[in-house]
Amino acid sequence: MYGRKMRSMLAEITKRLNGLYENKNMLGVDINTILALRSNRKFERLEETSLLDESPVLGREKDEAAVLEKLLGDESCNQNVSVVCIVGFGGVGKTSLARLLYNNEKVKDYFELTAWVCVSNYFDVLAVSKPIYQAVSGEDNTPPSINSLQEKLKEKLSKKRFLLVLDDVWNEDHQKWKNLEKPLKGAPGSKIIVTTRKAKVASAMDNVKCHNIEILSDEDSLSLLAKSAINEHNFDNHPLLSLAQDIIMKCKGLPLALIAIGRVLKGKGNDEWDKLLKSEIWSSDDGEGDILPVLKLSYYDLPLHLKKLFAYCSLFPKDYLFNKNKLVLLWMAEGFISESKRTKTMESLGRQYFEDLLSRSFFQHSTKNESEYIMHDLMNDLAISVAGEFFFVLDDKMNVNGRNEGCSELFSLPVSFAKLINLRHLDMSDTPMLDKTPLGIGGLTSLQTLTKVFIEGANAFKVSDLKGLVNLEGHISIVGLEKVTDPQQAMEANLEGKKGIVSLEMKWGEQFDDSRNLQRECEVIESMRPHSKLNKLKILNYGGMKFPSWFANPSFDKLTKLTIEWCVNCTHFNGNAFPLLKYLKFFKSGLESFNCPNSVERLEIWKCNSMTSLNLSHPVEIKGSELLSIHHFLKRVD
């Protein structure tokens, strides 16, 4: 029986291999070419940010003082900007040192303008100039041509003493550097910090001073390992001292390796420390440098289910900003996450797995967006290394931000879409032409993501069709609310019972004509009270004479952002019901006066011509137009 079972399995495997072989021939794939490309593929770098992370920075006091002297020194210089180049190999702490300097209080006081830009090995003058301009200007949009971009950049930096950090530079081309630095001229004393693994990079620059960052001393290495592995300052009088001393010799003074090994050994006893110390991985020589074998120990320590999740991330291009929830959905789509036998959903299990990888330093927090993460460049190298037998990226010029998260020509979904009874996520973001929701989607009770729905007539999607979608979470936009003919249908939607929805948009039609029943609109919005966990709310084109009564209910203590546009008939607003509101915006609304909530930090009021008074009891950032009371308010605050 065993023999028959094995023969059957081998026959199935052989059949699959033959199928793959036939597909290879059909596609014209040459294995030798792929292997050659793989062997020549350069490791890609992921961007680091200026934010100080939780990992301890030890043993860099002398380095910090030496570079600080170069930054703040008053040496005479014919140039109005000079370069300080921090040189050292991967994992030694160049970026960490640059972060310490960037966040140093003396540095912040000395320079009028500071900016941090990750460069990496793709050094195109236009591509590098864009993030520099965005960093110093605070603007997302950049001029389209290199000429106009550099003119604008020169204007922004002119007569200002600035500090610019260019992290992870690989360019050795002198002419490229000359072209990049043309607009980088500020007031005397301006500095550029460059971090690089290659000493030759400095030779491409003019007026440059180098600082070579060395490996950590044994004492500092022990302290860093102790902080990472046992949450202590050192191993004094600790039973693991002898093993720790042997391990730091293996890590060769590299901070990233020490932190990674410390995370592996955290909570483990002498036997595990001794086993790791004797691992053959220390002596492996795969041509990938000294640190990758060390980092592989942290990979090998992962449970099997986390190994494949981490290896999958090798497919993402350099500078990629990971969104945790979207990455989890990709893992699910690949079949990497199985439904838990317990009460956890695949989504919550995937988020737990991501947090496990984050806690082991395979990911780091990004400062660009609170919901996004990055991978250290060496962790990216590690992912490529361990996944090389399973994945291969043919296109190294993939869009680095993955923003192209759309279907611009899609105008409808097929009616048969409603047959996908197990569908859990339907993200229709960035589909500007889409204006219909297939009838029957309300029956897809497994849906957790449904980014927008369109309300239509009696024989199409109705707002009451939302009632069965009890698992919805995240953001939803409900468009076409002027077509709701019976407020009872809005009540049946039961938004208040959908506690997973944290961002809600309610949108009526743009035409304010005789077809609009303003009293009914009041009743509809009254019936569409969301759950109190809501943190973002946007109301557009609402024609009612007043806001709903639940606006005055203090239970909405999670709401931080409120936007009201084209609500032309509402003259009064009570913001005191939202105790944690941080951002409030009115556009083309009929407000005459209102009290601004004490928690608001940013207030925008645009084209609200009816407004006559604005009661502000605290300083707040104001942006808008046609506000007669702003000048008076600012004088009063001063």
# chains A, B, ... in the order shown; residues from 1 in each chain; ligands from 1
>>> residues_around(residues="stretch 529-538 of chain A", least_positions_apart="2", cutoff="9 Å", atoms="only C-alpha atoms", output="MDAnalysis selection string")
chainID A and resid 475 477 491 494:507 525:527 540 548 550 555:565 581
>>> select_by_dssp(residues="stretch 187-354 of chain A", states="strand (DSSP E or B)", output="PDB file with all heavy atoms, in the first residue's frame")
ATOM      1  N   SER A 190      26.716  76.039   4.967  1.00  0.00           N
ATOM      2  CA  SER A 190      25.836  74.944   4.559  1.00  0.00           C
ATOM      3  C   SER A 190      26.668  73.672   4.359  1.00  0.00           C
ATOM      4  O   SER A 190      27.799  73.715   3.905  1.00  0.00           O
ATOM      5  CB  SER A 190      25.105  75.298   3.266  1.00  0.00           C
ATOM      6  OG  SER A 190      24.234  76.394   3.463  1.00  0.00           O
ATOM      7  N   LYS A 191      26.067  72.537   4.694  1.00  0.00           N
ATOM      8  CA  LYS A 191      26.784  71.269   4.629  1.00  0.00           C
ATOM      9  C   LYS A 191      25.917  70.187   3.979  1.00  0.00           C
ATOM     10  O   LYS A 191      24.686  70.232   4.043  1.00  0.00           O
ATOM     11  CB  LYS A 191      27.178  70.797   6.036  1.00  0.00           C
ATOM     12  CG  LYS A 191      28.119  71.715   6.797  1.00  0.00           C
ATOM     13  CD  LYS A 191      29.504  71.728   6.201  1.00  0.00           C
ATOM     14  CE  LYS A 191      30.522  72.366   7.137  1.00  0.00           C
ATOM     15  NZ  LYS A 191      30.197  73.749   7.548  1.00  0.00           N
ATOM     16  N   ILE A 192      26.616  69.228   3.381  1.00  0.00           N
ATOM     17  CA  ILE A 192      25.974  68.024   2.855  1.00  0.00           C
ATOM     18  C   ILE A 192      26.663  66.824   3.488  1.00  0.00           C
ATOM     19  O   ILE A 192      27.891  66.691   3.400  1.00  0.00           O
ATOM     20  CB  ILE A 192      26.079  67.927   1.318  1.00  0.00           C
ATOM     21  CG1 ILE A 192      25.396  69.123   0.650  1.00  0.00           C
ATOM     22  CG2 ILE A 192      25.465  66.620   0.821  1.00  0.00           C
ATOM     23  CD1 ILE A 192      25.575  69.168  -0.859  1.00  0.00           C
ATOM     24  N   ILE A 193      25.903  65.975   4.157  1.00  0.00           N
ATOM     25  CA  ILE A 193      26.431  64.721   4.680  1.00  0.00           C
ATOM     26  C   ILE A 193      26.134  63.630   3.665  1.00  0.00           C
ATOM     27  O   ILE A 193      24.999  63.468   3.225  1.00  0.00           O
ATOM     28  CB  ILE A 193      25.793  64.349   6.036  1.00  0.00           C
ATOM     29  CG1 ILE A 193      26.174  65.366   7.110  1.00  0.00           C
ATOM     30  CG2 ILE A 193      26.226  62.950   6.466  1.00  0.00           C
ATOM     31  CD1 ILE A 193      25.550  65.068   8.468  1.00  0.00           C
ATOM     32  N   VAL A 194      27.153  62.874   3.301  1.00  0.00           N
ATOM     33  CA  VAL A 194      27.005  61.746   2.383  1.00  0.00           C
ATOM     34  C   VAL A 194      27.429  60.481   3.120  1.00  0.00           C
ATOM     35  O   VAL A 194      28.507  60.437   3.714  1.00  0.00           O
ATOM     36  CB  VAL A 194      27.870  61.936   1.126  1.00  0.00           C
ATOM     37  CG1 VAL A 194      27.906  60.660   0.295  1.00  0.00           C
ATOM     38  CG2 VAL A 194      27.336  63.085   0.280  1.00  0.00           C
ATOM     39  N   THR A 195      26.589  59.462   3.127  1.00  0.00           N
ATOM     40  CA  THR A 195      26.996  58.160   3.660  1.00  0.00           C
ATOM     41  C   THR A 195      27.188  57.206   2.500  1.00  0.00           C
ATOM     42  O   THR A 195      26.400  57.191   1.554  1.00  0.00           O
ATOM     43  CB  THR A 195      25.957  57.574   4.632  1.00  0.00           C
ATOM     44  OG1 THR A 195      24.787  57.154   3.910  1.00  0.00           O
ATOM     45  CG2 THR A 195      25.556  58.592   5.685  1.00  0.00           C
ATOM     46  N   THR A 196      28.259  56.421   2.553  1.00  0.00           N
ATOM     47  CA  THR A 196      28.573  55.521   1.439  1.00  0.00           C
ATOM     48  C   THR A 196      29.429  54.361   1.914  1.00  0.00           C
ATOM     49  O   THR A 196      30.162  54.470   2.908  1.00  0.00           O
ATOM     50  CB  THR A 196      29.312  56.277   0.317  1.00  0.00           C
ATOM     51  OG1 THR A 196      29.571  55.381  -0.759  1.00  0.00           O
ATOM     52  CG2 THR A 196      30.613  56.876   0.816  1.00  0.00           C
ATOM     53  N   VAL A 208      35.392  68.135  -0.132  1.00  0.00           N
ATOM     54  CA  VAL A 208      34.831  67.075   0.693  1.00  0.00           C
ATOM     55  C   VAL A 208      35.806  66.692   1.805  1.00  0.00           C
ATOM     56  O   VAL A 208      37.023  66.680   1.608  1.00  0.00           O
ATOM     57  CB  VAL A 208      34.471  65.841  -0.161  1.00  0.00           C
ATOM     58  CG1 VAL A 208      35.697  65.283  -0.854  1.00  0.00           C
ATOM     59  CG2 VAL A 208      33.816  64.767   0.680  1.00  0.00           C
ATOM     60  N   LYS A 209      35.253  66.406   2.982  1.00  0.00           N
ATOM     61  CA  LYS A 209      36.031  65.870   4.100  1.00  0.00           C
ATOM     62  C   LYS A 209      35.454  64.507   4.450  1.00  0.00           C
ATOM     63  O   LYS A 209      34.233  64.369   4.585  1.00  0.00           O
ATOM     64  CB  LYS A 209      35.956  66.793   5.315  1.00  0.00           C
ATOM     65  CG  LYS A 209      36.634  68.140   5.113  1.00  0.00           C
ATOM     66  CD  LYS A 209      36.626  68.948   6.396  1.00  0.00           C
ATOM     67  CE  LYS A 209      37.388  70.256   6.214  1.00  0.00           C
ATOM     68  NZ  LYS A 209      37.405  71.051   7.470  1.00  0.00           N
ATOM     69  N   CYS A 210      36.332  63.505   4.612  1.00  0.00           N
ATOM     70  CA  CYS A 210      35.883  62.147   4.867  1.00  0.00           C
ATOM     71  C   CYS A 210      36.033  61.786   6.344  1.00  0.00           C
ATOM     72  O   CYS A 210      36.960  62.242   7.024  1.00  0.00           O
ATOM     73  CB  CYS A 210      36.673  61.152   4.021  1.00  0.00           C
ATOM     74  SG  CYS A 210      36.232  61.175   2.282  1.00  0.00           S
ATOM     75  N   HIS A 211      35.110  60.964   6.794  1.00  0.00           N
ATOM     76  CA  HIS A 211      35.237  60.375   8.128  1.00  0.00           C
ATOM     77  C   HIS A 211      34.960  58.883   7.992  1.00  0.00           C
ATOM     78  O   HIS A 211      33.862  58.478   7.613  1.00  0.00           O
ATOM     79  CB  HIS A 211      34.236  60.991   9.110  1.00  0.00           C
ATOM     80  CG  HIS A 211      34.301  60.359  10.471  1.00  0.00           C
ATOM     81  ND1 HIS A 211      35.233  60.732  11.416  1.00  0.00           N
ATOM     82  CD2 HIS A 211      33.576  59.354  11.036  1.00  0.00           C
ATOM     83  CE1 HIS A 211      35.064  60.000  12.501  1.00  0.00           C
ATOM     84  NE2 HIS A 211      34.062  59.155  12.298  1.00  0.00           N
ATOM     85  N   ASN A 212      35.965  58.079   8.265  1.00  0.00           N
ATOM     86  CA  ASN A 212      35.823  56.630   8.189  1.00  0.00           C
ATOM     87  C   ASN A 212      35.296  56.107   9.515  1.00  0.00           C
ATOM     88  O   ASN A 212      35.893  56.347  10.567  1.00  0.00           O
ATOM     89  CB  ASN A 212      37.160  55.973   7.853  1.00  0.00           C
ATOM     90  CG  ASN A 212      37.614  56.292   6.452  1.00  0.00           C
ATOM     91  OD1 ASN A 212      37.033  55.832   5.489  1.00  0.00           O
ATOM     92  ND2 ASN A 212      38.658  57.103   6.329  1.00  0.00           N
ATOM     93  N   PHE A 322       6.367  49.503   2.440  1.00  0.00           N
ATOM     94  CA  PHE A 322       5.413  48.430   2.683  1.00  0.00           C
ATOM     95  C   PHE A 322       4.238  48.934   3.514  1.00  0.00           C
ATOM     96  O   PHE A 322       4.429  49.553   4.567  1.00  0.00           O
ATOM     97  CB  PHE A 322       6.081  47.275   3.440  1.00  0.00           C
ATOM     98  CG  PHE A 322       7.071  46.501   2.625  1.00  0.00           C
ATOM     99  CD1 PHE A 322       8.407  46.872   2.578  1.00  0.00           C
ATOM    100  CD2 PHE A 322       6.674  45.389   1.906  1.00  0.00           C
ATOM    101  CE1 PHE A 322       9.324  46.158   1.838  1.00  0.00           C
ATOM    102  CE2 PHE A 322       7.587  44.658   1.153  1.00  0.00           C
ATOM    103  CZ  PHE A 322       8.905  45.045   1.122  1.00  0.00           C
ATOM    104  N   ASN A 323       3.030  48.652   3.052  1.00  0.00           N
ATOM    105  CA  ASN A 323       1.825  48.852   3.849  1.00  0.00           C
ATOM    106  C   ASN A 323       1.474  47.498   4.460  1.00  0.00           C
ATOM    107  O   ASN A 323       1.283  46.515   3.741  1.00  0.00           O
ATOM    108  CB  ASN A 323       0.683  49.359   2.969  1.00  0.00           C
ATOM    109  CG  ASN A 323      -0.600  49.543   3.752  1.00  0.00           C
ATOM    110  OD1 ASN A 323      -1.275  48.575   4.115  1.00  0.00           O
ATOM    111  ND2 ASN A 323      -0.964  50.786   4.006  1.00  0.00           N
TER     112      ASN A 323
END
>>> residues_around(residues="stretch 457-462 of chain A", least_positions_apart="6", cutoff="9 Å", atoms="only C-alpha atoms", output="PyMOL selection string")
chain A and resi 436-442+483-485+489-490
>>> select_by_dssp(residues="stretch 183-360 of chain A", states="helix (DSSP H, G or I)", output="ChimeraX atom specification")
/A:200-203,218-229,241-251,255-265,270-277,280-283,291-300,304-315,324-333,346-359
>>> atom_distance(atom1="atom CA of A:His376", atom2="atom CA of A:Thr345")
29.5 Å
>>> residues_around(residues="A:Lys588", least_positions_apart="4", cutoff="8 Å", atoms="only C-alpha atoms", output="list in words")
Glu565, Trp566, Cys567, Val568, Trp606, Lys607, Cys608 and Asn609 of chain A
>>> closest_residue(among="A:Ala577, A:Met332, A:Ala135, A:Ile213", to="A:Glu347", atoms="only C-alpha atoms")
A:Met332
>>> residues_around(residues="A:Glu409", least_positions_apart="4", cutoff="9 Å", atoms="only C-alpha atoms", output="NGL selection string")
:A and (431-434)
>>> closest_residue(among="A:Arg360, A:Lys419, A:Lys198, A:Lys130", to="A:Phe310", atoms="only C-alpha atoms")
A:Arg360
>>> closest_residue(among="A:Asn598, A:Ser549, A:Ser242, A:Ile622", to="A:Lys585", atoms="only C-alpha atoms")
A:Ile622
>>> residues_around(residues="A:Ser223", least_positions_apart="3", cutoff="12 Å", atoms="only C-alpha atoms", output="MDAnalysis selection string")
chainID A and resid 56:59 216:220 226:236 241 244:245 248 253 255 258:259 262
>>> closest_residue(among="A:Ala98, A:Leu444, A:Ala127, A:Cys522", to="A:Leu166", atoms="only C-alpha atoms")
A:Ala98
>>> residues_around(residues="A:Val81", least_positions_apart="4", cutoff="9 Å", atoms="only C-alpha atoms", output="number ranges by chain")
A: 77, 161-162, 184-192, 207
>>> write_last_selection(atoms="N, CA and C atoms", output="mmCIF file, in the first residue's frame")
data_model
loop_
_atom_site.group_PDB
_atom_site.id
_atom_site.type_symbol
_atom_site.label_atom_id
_atom_site.label_comp_id
_atom_site.auth_asym_id
_atom_site.auth_seq_id
_atom_site.Cartn_x
_atom_site.Cartn_y
_atom_site.Cartn_z
ATOM 1 N N CYS A 77 36.094 79.040 3.914
ATOM 2 C CA CYS A 77 35.863 78.218 2.720
ATOM 3 C C CYS A 77 35.360 79.107 1.591
ATOM 4 N N ARG A 161 21.221 78.703 5.428
ATOM 5 C CA ARG A 161 22.232 77.731 5.860
ATOM 6 C C ARG A 161 21.530 76.393 6.057
ATOM 7 N N PHE A 162 21.830 75.453 5.182
ATOM 8 C CA PHE A 162 21.083 74.202 5.175
ATOM 9 C C PHE A 162 21.991 73.012 5.441
ATOM 10 N N LEU A 184 22.627 73.347 -5.288
ATOM 11 C CA LEU A 184 22.797 73.145 -3.849
ATOM 12 C C LEU A 184 23.757 74.184 -3.287
ATOM 13 N N LYS A 185 23.346 75.434 -3.374
ATOM 14 C CA LYS A 185 24.161 76.542 -2.904
ATOM 15 C C LYS A 185 23.348 77.364 -1.917
ATOM 16 N N GLY A 186 23.797 77.361 -0.676
ATOM 17 C CA GLY A 186 23.082 78.113 0.343
ATOM 18 C C GLY A 186 23.966 79.169 0.963
ATOM 19 N N ALA A 187 23.624 79.578 2.177
ATOM 20 C CA ALA A 187 24.441 80.541 2.899
ATOM 21 C C ALA A 187 25.731 79.866 3.360
ATOM 22 N N PRO A 188 26.793 80.655 3.608
ATOM 23 C CA PRO A 188 28.050 80.073 4.102
ATOM 24 C C PRO A 188 27.801 79.212 5.337
ATOM 25 N N GLY A 189 28.476 78.072 5.371
ATOM 26 C CA GLY A 189 28.276 77.142 6.478
ATOM 27 C C GLY A 189 27.350 75.991 6.144
ATOM 28 N N SER A 190 26.716 76.039 4.967
ATOM 29 C CA SER A 190 25.836 74.944 4.559
ATOM 30 C C SER A 190 26.668 73.672 4.359
ATOM 31 N N LYS A 191 26.067 72.537 4.694
ATOM 32 C CA LYS A 191 26.784 71.269 4.629
ATOM 33 C C LYS A 191 25.917 70.187 3.979
ATOM 34 N N ILE A 192 26.616 69.228 3.381
ATOM 35 C CA ILE A 192 25.974 68.024 2.855
ATOM 36 C C ILE A 192 26.663 66.824 3.488
ATOM 37 N N ASN A 207 35.515 69.712 -2.546
ATOM 38 C CA ASN A 207 35.424 70.304 -1.211
ATOM 39 C C ASN A 207 34.810 69.328 -0.213
#
>>> closest_residue(among="A:Val264, A:Ala387, A:Asp124, A:Leu113", to="A:Ser137", atoms="only C-alpha atoms")
A:Leu113
>>> closest_residue(among="A:Ser589, A:Thr612, A:Ser361, A:Ser314", to="A:Leu302", atoms="only C-alpha atoms")
A:Ser361
